[in-house]
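Trainee: Got a structure here, written out as structure tokens. Questions coming.
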Amino acid sequence: MMNILFIFMYLVACITGHRIDSMQNSVKENLDIERELKLINKTPVKSIHTKYGYIVDCIDINKQPAFDHPLLKNHKLQRKPKFANKIRKDNVMKSSTSEAIFGLDEKDQCPSGSVPIRRTNKNELIRAKSYFSNVLLQNSPGFHVAQVTLRTVPKYFSYYGVGGTTSVYNLKVEKDQSSTAMMWVLKGDNDNLNFIGVGWHVAPYIYEDDATQTNKKIYLGGRFDDTSIYGGVMTEIALSIIQDPETKNWWLSIKNQNFGYFPASLFSNLTSADQVGWGGQTTTSPGSPSPPMGSGYFPDNVFNHACYFRYVTFQNDSRQNYGPEDYLVDTFSDKPNCYSAEFYGNERSDVGYCLQFGGPGGRCSD
């Protein structure tokens, strides 16, 4: 078992409309799936057979599937952000840590001018559509959360970025379950909800295994080679979502490298964010026990026990990174008997502003 880095965008109206159409006509749905696969799986300049059994295709950077979106018809590729990426040299924690290893090996990197994209098959696409529709809409039975969020401060400032370094764990999750650790930016609600999230998850339903997965080297859906050990060495990854103040595109940073961005034109309501947050989500079949979240242990302020985000930051109108103070912070768990989240403030030099979340799961709805 290992872990999967995922990145997704949430536009509720689009998701809802597709679900209604697919219910009305299964034949049309099958044709739509085949059409989507042809759009997603572009002709590669190089194909790489990974040690995990799936294929990663190197696609011309100007022909990547994102540009098939109708809102990006005349989009000009932004190769790097207009802002300086302030890379923090984190102190090593008192308990030993290691940086998460994932992506392509040095010998297998894509040629210059191309980007790595994991090849998608029909079954993966069908399962992913079902999974993300339920998770993103957050209204399906068996969906649970534990999170730390920063509350909206109307007329004072909005949010333009979120960041932090999270520990990565290898959880035992059943085929009908998923467990996620993530950070996000969000604005709006109901049919006008816009959301970008990044993190890791274990989702056997999508990948037909219980692995956690995600420039020329890093790609979405890539597995982590190593994960954290309770009470031992922590495997972690630094992540951020930051809006470019000039283009208004939302840039993603992974391991302090600019990975890519979501163009501003894709969003109906995300010129700034009303909320940023960190935490976990789980899903299970209705009436079934819920899976563990995070490390599978409740927060206890011991950073090689429960899953953590350390050096958490946000950006407001000043476009500077700040650690969140207590007056901005809300913590929430919908099932405290199964999961919880705790914010500790500015703890010490090797964790900074920090939090933990997670729990063992179980019969959460009882």
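Residues in the structure tokens are numbered from 1 in each chain, the chains being A, B, ... in the order shown, and ligands are numbered from 1 in the order shown.
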Leaving out Asn346 in chain A and any residue of its chain fewer than 6 positions from it, which residues lie within 10 Å of it when counting only C-alpha atoms, given as a ChimeraX atom specification?

Mentor: /A:310-312,323-326,352-355

Trainee: Using only C-alpha atoms, tabulate the residues of range 27-129 of chain A lying at most 8 Å from any atom of range 250-271 of chain A, each with its closest atom pair and that distance in Å to one decimal, by chain and increasing residue number, as JSON lines.

Mentor:
{"residue": "A:Leu71", "atom": "CA", "partner": "A:Leu266", "partner_atom": "CA", "distance": 6.3}
{"residue": "A:Leu72", "atom": "CA", "partner": "A:Ser265", "partner_atom": "CA", "distance": 7.3}
{"residue": "A:Lys80", "atom": "CA", "partner": "A:Asn258", "partner_atom": "CA", "distance": 7.5}
{"residue": "A:Pro81", "atom": "CA", "partner": "A:Trp251", "partner_atom": "CA", "distance": 7.3}
{"residue": "A:Ile87", "atom": "CA", "partner": "A:Asn256", "partner_atom": "CA", "distance": 6.0}

Trainee: Please produce a file of those selected residues containing all heavy atoms, as a PDB file, in the first residue's frame.

Mentor:
ATOM      1  N   LEU A  71     -13.657  26.977 -22.293  1.00  0.00           N
ATOM      2  CA  LEU A  71     -13.300  28.266 -21.713  1.00  0.00           C
ATOM      3  C   LEU A  71     -11.831  28.608 -21.910  1.00  0.00           C
ATOM      4  O   LEU A  71     -11.392  29.711 -21.598  1.00  0.00           O
ATOM      5  CB  LEU A  71     -13.637  28.274 -20.219  1.00  0.00           C
ATOM      6  CG  LEU A  71     -15.128  28.200 -19.867  1.00  0.00           C
ATOM      7  CD1 LEU A  71     -15.320  28.150 -18.357  1.00  0.00           C
ATOM      8  CD2 LEU A  71     -15.877  29.388 -20.458  1.00  0.00           C
ATOM      9  N   LEU A  72     -11.051  27.650 -22.433  1.00  0.00           N
ATOM     10  CA  LEU A  72      -9.617  27.892 -22.642  1.00  0.00           C
ATOM     11  C   LEU A  72      -9.261  27.907 -24.132  1.00  0.00           C
ATOM     12  O   LEU A  72      -8.102  27.737 -24.493  1.00  0.00           O
ATOM     13  CB  LEU A  72      -8.790  26.806 -21.926  1.00  0.00           C
ATOM     14  CG  LEU A  72      -8.988  26.709 -20.418  1.00  0.00           C
ATOM     15  CD1 LEU A  72      -8.082  25.621 -19.844  1.00  0.00           C
ATOM     16  CD2 LEU A  72      -8.694  28.039 -19.735  1.00  0.00           C
ATOM     17  N   LYS A  80       5.304  30.448 -16.041  1.00  0.00           N
ATOM     18  CA  LYS A  80       5.708  30.606 -14.643  1.00  0.00           C
ATOM     19  C   LYS A  80       4.909  31.748 -14.039  1.00  0.00           C
ATOM     20  O   LYS A  80       4.430  32.644 -14.749  1.00  0.00           O
ATOM     21  CB  LYS A  80       7.207  30.865 -14.509  1.00  0.00           C
ATOM     22  CG  LYS A  80       7.693  32.118 -15.197  1.00  0.00           C
ATOM     23  CD  LYS A  80       9.208  32.252 -15.021  1.00  0.00           C
ATOM     24  CE  LYS A  80       9.722  33.527 -15.691  1.00  0.00           C
ATOM     25  NZ  LYS A  80      11.186  33.676 -15.517  1.00  0.00           N
ATOM     26  N   PRO A  81       4.724  31.749 -12.722  1.00  0.00           N
ATOM     27  CA  PRO A  81       3.910  32.794 -12.093  1.00  0.00           C
ATOM     28  C   PRO A  81       4.607  34.138 -12.119  1.00  0.00           C
ATOM     29  O   PRO A  81       5.831  34.226 -12.235  1.00  0.00           O
ATOM     30  CB  PRO A  81       3.732  32.279 -10.663  1.00  0.00           C
ATOM     31  CG  PRO A  81       4.897  31.379 -10.422  1.00  0.00           C
ATOM     32  CD  PRO A  81       5.212  30.750 -11.740  1.00  0.00           C
ATOM     33  N   ILE A  87      10.211  30.259  -1.155  1.00  0.00           N
ATOM     34  CA  ILE A  87      10.450  28.902  -0.675  1.00  0.00           C
ATOM     35  C   ILE A  87      11.050  28.944   0.719  1.00  0.00           C
ATOM     36  O   ILE A  87      12.087  29.561   0.957  1.00  0.00           O
ATOM     37  CB  ILE A  87      11.387  28.146  -1.638  1.00  0.00           C
ATOM     38  CG1 ILE A  87      10.738  28.018  -3.013  1.00  0.00           C
ATOM     39  CG2 ILE A  87      11.736  26.785  -1.077  1.00  0.00           C
ATOM     40  CD1 ILE A  87      11.627  27.402  -4.057  1.00  0.00           C
TER      41      ILE A  87
END

Trainee: A:Leu31, A:Val202, A:Cys338, A:Ile55: which is nearest Ile117 in chain A, counting only C-alpha atoms?

Mentor: A:Ile55

Trainee: Which is closer to Pro336 in chain A than all the others in A:Gln275, A:Gln177, A:Ser365, A:Gln315, using only C-alpha atoms?

Mentor: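 Result for the nearest residue to Pro336 in chain A: A:Ser365.
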
Trainee: If we count only C-alpha atoms, what is near range 41-45 of chain A at a cut-off of 8 Å, once residues fewer than 6 positions away on the same chain are taken out, given as a list in words?

Mentor: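 Neighbouring residues, sequence-local ones excluded: Asp57, Cys58, Ile59, Asp60, Lys63, Gln64, Pro65, Ser114, Arg119 and Thr120 of chain A.
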
Trainee: Using N, CA and C atoms, can you export the residues from the last selection as a CSV table (one decimal), in the first residue's frame?

Mentor:
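Contents of again32.csv, freshly written:
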chain,number,residue,atom,x,y,z
A,57,ASP,N,2.3,9.2,-20.2
A,57,ASP,CA,2.6,9.7,-21.5
A,57,ASP,C,3.1,11.1,-21.4
A,58,CYS,N,4.1,11.4,-22.2
A,58,CYS,CA,4.7,12.8,-22.3
A,58,CYS,C,4.0,13.5,-23.4
A,59,ILE,N,3.2,14.5,-23.1
A,59,ILE,CA,2.4,15.2,-24.0
A,59,ILE,C,2.9,16.6,-24.3
A,60,ASP,N,2.9,17.0,-25.6
A,60,ASP,CA,3.3,18.4,-25.9
A,60,ASP,C,2.6,19.4,-25.0
A,63,LYS,N,-0.4,21.0,-26.2
A,63,LYS,CA,-1.5,20.2,-26.6
A,63,LYS,C,-2.1,19.4,-25.5
A,64,GLN,N,-1.8,19.7,-24.2
A,64,GLN,CA,-2.3,19.0,-23.1
A,64,GLN,C,-3.8,19.1,-23.0
A,65,PRO,N,-4.5,18.1,-22.4
A,65,PRO,CA,-6.0,18.0,-22.4
A,65,PRO,C,-6.6,19.2,-21.9
A,114,SER,N,7.4,19.1,-23.1
A,114,SER,CA,6.3,18.1,-22.8
A,114,SER,C,6.1,18.0,-21.4
A,119,ARG,N,-1.8,7.9,-18.2
A,119,ARG,CA,-2.8,7.5,-19.1
A,119,ARG,C,-4.0,6.9,-18.4
A,120,THR,N,-5.2,7.3,-18.9
A,120,THR,CA,-6.4,6.9,-18.2
A,120,THR,C,-7.2,5.8,-19.1

Trainee: Counting only C-alpha atoms, which residue out of A:Lys187, A:Lys82, A:Lys155, A:Lys38 sits closest to Asp274 in chain A?

Mentor: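 That would be A:Lys187, the residue with the smallest distance to Asp274 in chain A.
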
Trainee: DSSP on the backbone, then: every residue of range 47-234 of chain A marked alpha helix (DSSP H), written as a list in words.

Mentor: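 Of range 47-234 of chain A, the ones in alpha helix (DSSP H) are Lys122, Asn123, Glu124, Leu125, Ile126, Arg127, Ala128, Lys129, Ser130, Tyr131, Phe132, Ser133, Asn134, Val135, Leu136, Leu137, Pro204, Tyr205, Ile206 and Tyr207 of chain A.
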
Trainee: Export, as a PDB file, in the first residue's frame, the selected residues with N, CA and C atoms.

Mentor:
ATOM      1  N   LYS A 122     -10.865   3.362 -19.552  1.00  0.00           N
ATOM      2  CA  LYS A 122     -12.309   3.604 -19.454  1.00  0.00           C
ATOM      3  C   LYS A 122     -12.831   3.373 -18.044  1.00  0.00           C
ATOM      4  N   ASN A 123     -12.449   2.269 -17.424  1.00  0.00           N
ATOM      5  CA  ASN A 123     -12.945   1.957 -16.082  1.00  0.00           C
ATOM      6  C   ASN A 123     -12.489   2.991 -15.056  1.00  0.00           C
ATOM      7  N   GLU A 124     -11.235   3.457 -15.177  1.00  0.00           N
ATOM      8  CA  GLU A 124     -10.735   4.485 -14.260  1.00  0.00           C
ATOM      9  C   GLU A 124     -11.533   5.773 -14.393  1.00  0.00           C
ATOM     10  N   LEU A 125     -11.859   6.140 -15.627  1.00  0.00           N
ATOM     11  CA  LEU A 125     -12.599   7.384 -15.852  1.00  0.00           C
ATOM     12  C   LEU A 125     -14.010   7.289 -15.266  1.00  0.00           C
ATOM     13  N   ILE A 126     -14.670   6.164 -15.471  1.00  0.00           N
ATOM     14  CA  ILE A 126     -16.024   5.980 -14.938  1.00  0.00           C
ATOM     15  C   ILE A 126     -16.003   6.024 -13.413  1.00  0.00           C
ATOM     16  N   ARG A 127     -15.052   5.316 -12.805  1.00  0.00           N
ATOM     17  CA  ARG A 127     -14.970   5.285 -11.343  1.00  0.00           C
ATOM     18  C   ARG A 127     -14.633   6.664 -10.792  1.00  0.00           C
ATOM     19  N   ALA A 128     -13.730   7.382 -11.444  1.00  0.00           N
ATOM     20  CA  ALA A 128     -13.333   8.706 -10.962  1.00  0.00           C
ATOM     21  C   ALA A 128     -14.503   9.685 -11.003  1.00  0.00           C
ATOM     22  N   LYS A 129     -15.308   9.633 -12.087  1.00  0.00           N
ATOM     23  CA  LYS A 129     -16.464  10.521 -12.185  1.00  0.00           C
ATOM     24  C   LYS A 129     -17.431  10.285 -11.034  1.00  0.00           C
ATOM     25  N   SER A 130     -17.710   9.029 -10.749  1.00  0.00           N
ATOM     26  CA  SER A 130     -18.622   8.691  -9.661  1.00  0.00           C
ATOM     27  C   SER A 130     -18.061   9.120  -8.315  1.00  0.00           C
ATOM     28  N   TYR A 131     -16.776   8.824  -8.100  1.00  0.00           N
ATOM     29  CA  TYR A 131     -16.145   9.133  -6.814  1.00  0.00           C
ATOM     30  C   TYR A 131     -16.126  10.631  -6.544  1.00  0.00           C
ATOM     31  N   PHE A 132     -15.631  11.426  -7.481  1.00  0.00           N
ATOM     32  CA  PHE A 132     -15.482  12.851  -7.233  1.00  0.00           C
ATOM     33  C   PHE A 132     -16.823  13.576  -7.208  1.00  0.00           C
ATOM     34  N   SER A 133     -17.826  13.079  -7.940  1.00  0.00           N
ATOM     35  CA  SER A 133     -19.149  13.690  -7.849  1.00  0.00           C
ATOM     36  C   SER A 133     -19.681  13.605  -6.429  1.00  0.00           C
ATOM     37  N   ASN A 134     -19.529  12.437  -5.806  1.00  0.00           N
ATOM     38  CA  ASN A 134     -20.027  12.253  -4.441  1.00  0.00           C
ATOM     39  C   ASN A 134     -19.187  13.018  -3.425  1.00  0.00           C
ATOM     40  N   VAL A 135     -17.862  12.929  -3.548  1.00  0.00           N
ATOM     41  CA  VAL A 135     -16.988  13.574  -2.576  1.00  0.00           C
ATOM     42  C   VAL A 135     -17.104  15.087  -2.651  1.00  0.00           C
ATOM     43  N   LEU A 136     -17.125  15.633  -3.855  1.00  0.00           N
ATOM     44  CA  LEU A 136     -17.137  17.082  -4.002  1.00  0.00           C
ATOM     45  C   LEU A 136     -18.453  17.695  -3.573  1.00  0.00           C
ATOM     46  N   LEU A 137     -19.546  16.982  -3.830  1.00  0.00           N
ATOM     47  CA  LEU A 137     -20.832  17.518  -3.425  1.00  0.00           C
ATOM     48  C   LEU A 137     -21.066  17.369  -1.928  1.00  0.00           C
ATOM     49  N   PRO A 204      -9.153   3.044  -3.220  1.00  0.00           N
ATOM     50  CA  PRO A 204      -9.115   1.810  -4.017  1.00  0.00           C
ATOM     51  C   PRO A 204     -10.153   1.779  -5.129  1.00  0.00           C
ATOM     52  N   TYR A 205     -11.287   2.437  -4.927  1.00  0.00           N
ATOM     53  CA  TYR A 205     -12.356   2.418  -5.921  1.00  0.00           C
ATOM     54  C   TYR A 205     -11.894   2.994  -7.260  1.00  0.00           C
ATOM     55  N   ILE A 206     -11.034   4.009  -7.182  1.00  0.00           N
ATOM     56  CA  ILE A 206     -10.547   4.635  -8.412  1.00  0.00           C
ATOM     57  C   ILE A 206      -9.400   3.851  -9.022  1.00  0.00           C
ATOM     58  N   TYR A 207      -8.430   3.468  -8.192  1.00  0.00           N
ATOM     59  CA  TYR A 207      -7.165   2.959  -8.708  1.00  0.00           C
ATOM     60  C   TYR A 207      -7.034   1.442  -8.670  1.00  0.00           C
TER      61      TYR A 207
END

Trainee: Mind checking DSSP for range 69-290 of chain A and telling me the strand (DSSP E or B) residues as an NGL selection string?

Mentor: :A and (97-99 or 114-118 or 144-150 or 153 or 157 or 159 or 161-167 or 178-187 or 194-202 or 212-213 or 223 or 234-243 or 250-254 or 257-262 or 273 or 275-283 or 290)

Trainee: Excluding Thr235 in chain A and any residue of its chain fewer than 2 positions from it, enumerate the residues within 7 Å of it, using only C-alpha atoms, and give them as a PyMOL selection string.

Mentor: chain A and resi 97-100+167-168+226-228+233

Trainee: In Å, how far is it from CA of Ser158 in chain A to CA of Thr331 in chain A?

Mentor: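 Computing it gives 19.2 Å between the two atoms.
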
Trainee: Just the residues within 10 Å of Tyr54 in chain A, please, counting only C-alpha atoms, with nothing from its chain fewer than 2 positions along; format it as a ChimeraX atom specification.

Mentor: /A:48-52,56,118-121,222

Trainee: Save the residues we just selected, C-alpha atoms, as a short mmCIF file (atom, residue, chain, number, x, y, z; two decimals), in the first residue's frame?

Mentor:
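File written: out_24.cif
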data_model
loop_
_atom_site.label_atom_id
_atom_site.label_comp_id
_atom_site.auth_asym_id
_atom_site.auth_seq_id
_atom_site.Cartn_x
_atom_site.Cartn_y
_atom_site.Cartn_z
CA ILE A 48 6.93 5.61 -19.94
CA HIS A 49 5.93 2.25 -18.41
CA THR A 50 6.17 2.74 -14.65
CA LYS A 51 7.13 0.11 -12.09
CA TYR A 52 3.56 0.31 -10.75
CA VAL A 56 2.70 7.87 -18.16
CA ARG A 118 -0.90 9.40 -16.46
CA ARG A 119 -2.78 7.46 -19.13
CA THR A 120 -6.45 6.88 -18.24
CA ASN A 121 -8.52 3.82 -19.16
CA GLY A 222 1.55 9.45 -8.96
#

Trainee: Can you measure CA of Asn337 in chain A to CA of His201 in chain A for me? One decimal in Å is fine.

Mentor: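 Spanning CA of Asn337 in chain A to CA of His201 in chain A is a straight-line distance of 21.6 Å.
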
Trainee: Point out the residue among A:His69, A:Arg151, A:Lys175, A:His144 with the least atom-to-atom distance to Gly358 in chain A, counting only C-alpha atoms.

Mentor: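 Closest candidate: A:His144.
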